[in-house]
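Remarks on the structure that follows.
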There are 2 protein chains.
Amino acid sequence: MEDQKDRDTESRLDLQTRFIIEIDKLKHITRRTRLFDNSRHENDAEHGWHLAMMAMTLAEYSNKPIDINKVVRMVLVHDIVEIDAGDTFLYDDAAALRKEEAERKAAERIFGLLPGDQARELKSLWEEFEARLSAEARFAAAIDRLEPMMQNALTAGHAWKKHNVSRGQVVQKNRPVVEAGSKKLWKFAEELLARAVESGHLQE
Amino acid sequence: MEDQKDRDTESRLDLQTRFIIEIDKLKHITRRTRLFDNSRHENDAEHGWHLAMMAMTLAEYSNKPIDINKVVRMVLVHDIVEIDAGDTFLYDDAAALRKEEAERKAAERIFGLLPGDQARELKSLWEEFEARLSAEARFAAAIDRLEPMMQNALTAGHAWKKHNVSRGQVVQKNRPVVEAGSKKLWKFAEELLARAVESGHLQE
């Protein structure tokens, strides 16, 4: 991400406009999970909005004190790399191995459309989310895992059933991440999963 | 919004979960404008996400210093009332008169699903947006007007043409609002409109 861009003939606002136009494509990236009324799949832009609202609503359950504004910015930005790299299903381990390099390149290209200072800021926010080391990143990741569990629980286990996912797998993939951000929200998720097993929406 | 709710048997997390589930409906509220690639109409949840990203990217053009985090929260929340009240087309003056009461009731009902403290916080954020008196609300409103102008400009004037809107009407409705938040962004919008008229996408 070259700083000379800012000094070029193209104005900051032109660069910013190009970024704003480019990220519209996130509205076309379809996720595996469905809206709560099971009418259609969710897209990444809607998902970003819902995570931000969930983070604002559930901030009090973070294990550690957090800067909620940073969490909100982080969840809004975290999936933008999927414009190039696509959505990876959490339970597809082979795809998970491939996605890291693709997402890194996507971050360079897409955040790199912005003036240098803003490109660095958003890229670093995305990197912080991915590294899951700060309290903010841990809480953001917990929320990012909670939404699809709620979506599955409310749509009779749509994606779980379709992709043959068991409670054991859901717990294995999500417990470490959700618990690291919020023990209270993991407890809530466990109750969702138990009810889904009882209702036959999730295989034991 | 009764505070005793918090002390009732229903826990805070139950109330918060109910709100999180309710606002999923915003993904079904369709706007008049279309995605930048003209493939389909935008919905309110995607719109909220895009406005938040635009606000973060364009904050430097606010006429006055702003708390950008407040602007982000405000644009995320501002359309939730449309779950009950529906989307009102900016150029439909009769509908604009009817919407105020419907939106006020919607705010009571939907934010009122939350525990009292959070219900008050989000409702007051929405009221601040609607009143357009603070620097944050003015900048949020400017961004909220800029996105549809960009969408129309990039989709050969789709909603302008369909609803027979002229440049004079676009300027009359948007100039006072956008200029109050950002003179620089209004100048940018004027250039968009001039190019749209030249291309025959907007009637003079």
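Simple scheme: letters A, B, ... for chains in structure tokens order, numbers from 1 for residues in each chain, numbers from 1 for ligands in the order shown.
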- request: Would you mind writing down, as a list in words, each residue of segment 13-181 of chain B that DSSP on the backbone assigns to strand (DSSP E)?
  value: Thr30, Arg31, Arg32, Thr33, Arg34, His41, Glu42 and Asn43 of chain B
message: Taking only C-alpha atoms into account, find every residue of chain A that has an atom no more than 9 Å from chain B, and write it out as a count of residues only.
response: 39
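For the set B:Asp93, B:Asp84, B:Glu136, B:Glu191, the residue with the smallest atom-to-atom gap to Ala107 of chain B is B:Asp84, counting only C-alpha atoms.
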query: Where does DSSP see alpha helix (DSSP H) in segment 20-110 of chain B, if you list the residues as a PyMOL selection string?
result: chain B and resi 20-22+44-58+68-77+82-85+93-110
- request: Extract, using only C-alpha atoms, all DNA, RNA and protein residues at most 7 Å from Ser166 of chain A, discarding same-chain residues fewer than 2 positions from it, and format them as JSON, numbers by chain.
  value: {"A": [164, 168, 169, 170, 202, 203, 204]}
Now that the selection is made, can you save its residues with N, CA, C and O atoms as a short mmCIF file (atom, residue, chain, number, x, y, z; two decimals), in the first residue's frame?
```cif
data_model
loop_
_atom_site.label_atom_id
_atom_site.label_comp_id
_atom_site.auth_asym_id
_atom_site.auth_seq_id
_atom_site.Cartn_x
_atom_site.Cartn_y
_atom_site.Cartn_z
N ASN A 164 -24.23 -32.14 7.36
CA ASN A 164 -23.99 -33.30 8.20
C ASN A 164 -23.05 -33.01 9.39
O ASN A 164 -22.09 -33.74 9.64
N GLY A 168 -20.92 -32.62 18.43
CA GLY A 168 -19.50 -32.71 18.78
C GLY A 168 -18.66 -31.75 17.95
O GLY A 168 -17.78 -31.06 18.48
N GLN A 169 -18.96 -31.70 16.65
CA GLN A 169 -18.20 -30.79 15.78
C GLN A 169 -18.48 -29.32 16.10
O GLN A 169 -17.56 -28.49 16.09
N VAL A 170 -19.75 -29.02 16.36
CA VAL A 170 -20.10 -27.62 16.68
C VAL A 170 -19.35 -27.18 17.94
O VAL A 170 -18.78 -26.09 17.99
N LEU A 202 -30.16 -31.26 15.43
CA LEU A 202 -28.71 -31.42 15.45
C LEU A 202 -28.43 -32.83 15.94
O LEU A 202 -28.98 -33.26 16.94
N GLN A 203 -27.60 -33.55 15.18
CA GLN A 203 -27.32 -34.93 15.58
C GLN A 203 -26.35 -34.94 16.77
O GLN A 203 -25.45 -34.13 16.86
N GLU A 204 -26.59 -35.85 17.67
CA GLU A 204 -25.77 -35.99 18.89
C GLU A 204 -24.34 -36.37 18.51
O GLU A 204 -23.39 -35.80 18.97
#
```
message: My list of candidates is B:Lys161, B:Arg138, B:His41, B:Arg34. Which is closest to Lys64 of chain B when distances are computed with only C-alpha atoms?
response: B:Arg138
field: atom CA of Trp126 of chain A to atom CA of Glu108 of chain A, distance in Å rounded to a single decimal
entry: 11.0 Å
- prompt: atom CA of Glu100 of chain A to atom CA of Pro65 of chain A: how many Å, to one decimal?
  reply: 29.1 Å
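Among the candidates A:Arg109, A:Lys123, A:His201, A:Lys99, the one nearest to His158 of chain A when counting only C-alpha atoms is A:His201.
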message: What's around Ala153 of chain B at 8 Å? Count only C-alpha atoms, leave out sequence neighbours fewer than 2 positions away in its own chain, and write the answer as a VMD selection string.
response: chain B and resid 149 to 151 155 to 157 192 to 193 196 201
Export of the given selection (all heavy atoms) as a compact mmCIF listing (two decimals), in the first residue's frame:
```
# COMPACT_ATOMS: atom_id res chain seq x y z
N MET B 149 -27.80 8.43 -3.87
CA MET B 149 -27.40 9.21 -5.06
C MET B 149 -26.31 8.46 -5.82
O MET B 149 -26.33 8.38 -7.05
CB MET B 149 -26.96 10.62 -4.67
CG MET B 149 -28.15 11.53 -4.36
SD MET B 149 -27.69 13.29 -4.15
CE MET B 149 -27.12 13.27 -2.44
N MET B 150 -25.36 7.87 -5.08
CA MET B 150 -24.33 7.06 -5.75
C MET B 150 -24.96 5.85 -6.43
O MET B 150 -24.59 5.47 -7.54
CB MET B 150 -23.27 6.59 -4.73
CG MET B 150 -22.36 7.70 -4.23
SD MET B 150 -21.10 7.08 -3.04
CE MET B 150 -20.07 6.06 -4.12
N GLN B 151 -25.92 5.21 -5.74
CA GLN B 151 -26.57 4.02 -6.32
C GLN B 151 -27.30 4.38 -7.61
O GLN B 151 -27.23 3.65 -8.59
CB GLN B 151 -27.54 3.40 -5.30
CG GLN B 151 -26.80 2.69 -4.17
CD GLN B 151 -27.71 2.31 -3.02
OE1 GLN B 151 -28.63 3.06 -2.68
NE2 GLN B 151 -27.46 1.16 -2.41
N THR B 155 -26.35 3.13 -11.46
CA THR B 155 -27.28 2.17 -12.08
C THR B 155 -28.12 2.88 -13.14
O THR B 155 -29.31 2.60 -13.28
CB THR B 155 -28.20 1.51 -11.02
OG1 THR B 155 -28.93 2.55 -10.33
CG2 THR B 155 -27.41 0.72 -10.00
N ALA B 156 -27.48 3.80 -13.87
CA ALA B 156 -28.14 4.51 -14.96
C ALA B 156 -29.43 5.18 -14.50
O ALA B 156 -30.42 5.24 -15.22
CB ALA B 156 -28.39 3.56 -16.15
N GLY B 157 -29.43 5.65 -13.24
CA GLY B 157 -30.58 6.40 -12.73
C GLY B 157 -31.82 5.55 -12.47
O GLY B 157 -32.95 6.05 -12.60
N LEU B 192 -21.72 14.26 -9.33
CA LEU B 192 -22.43 13.03 -9.72
C LEU B 192 -23.70 13.37 -10.51
O LEU B 192 -23.98 12.77 -11.55
CB LEU B 192 -22.89 12.23 -8.49
CG LEU B 192 -21.93 11.38 -7.70
CD1 LEU B 192 -22.70 10.63 -6.61
CD2 LEU B 192 -21.21 10.37 -8.61
N LEU B 193 -24.46 14.34 -10.00
CA LEU B 193 -25.74 14.69 -10.62
C LEU B 193 -25.50 15.30 -12.00
O LEU B 193 -26.22 14.99 -12.95
CB LEU B 193 -26.53 15.67 -9.74
CG LEU B 193 -26.91 15.16 -8.34
CD1 LEU B 193 -27.69 16.23 -7.58
CD2 LEU B 193 -27.72 13.87 -8.41
N ALA B 196 -24.79 12.60 -14.34
CA ALA B 196 -26.00 11.81 -14.60
C ALA B 196 -26.90 12.53 -15.61
O ALA B 196 -27.48 11.89 -16.49
CB ALA B 196 -26.75 11.54 -13.30
N HIS B 201 -29.24 10.02 -17.59
CA HIS B 201 -29.79 9.15 -16.54
C HIS B 201 -30.67 9.92 -15.54
O HIS B 201 -31.29 9.33 -14.67
CB HIS B 201 -28.66 8.45 -15.77
CG HIS B 201 -27.80 7.59 -16.65
ND1 HIS B 201 -26.47 7.39 -16.43
CD2 HIS B 201 -28.10 6.89 -17.77
CE1 HIS B 201 -25.99 6.59 -17.37
NE2 HIS B 201 -26.95 6.29 -18.19
```
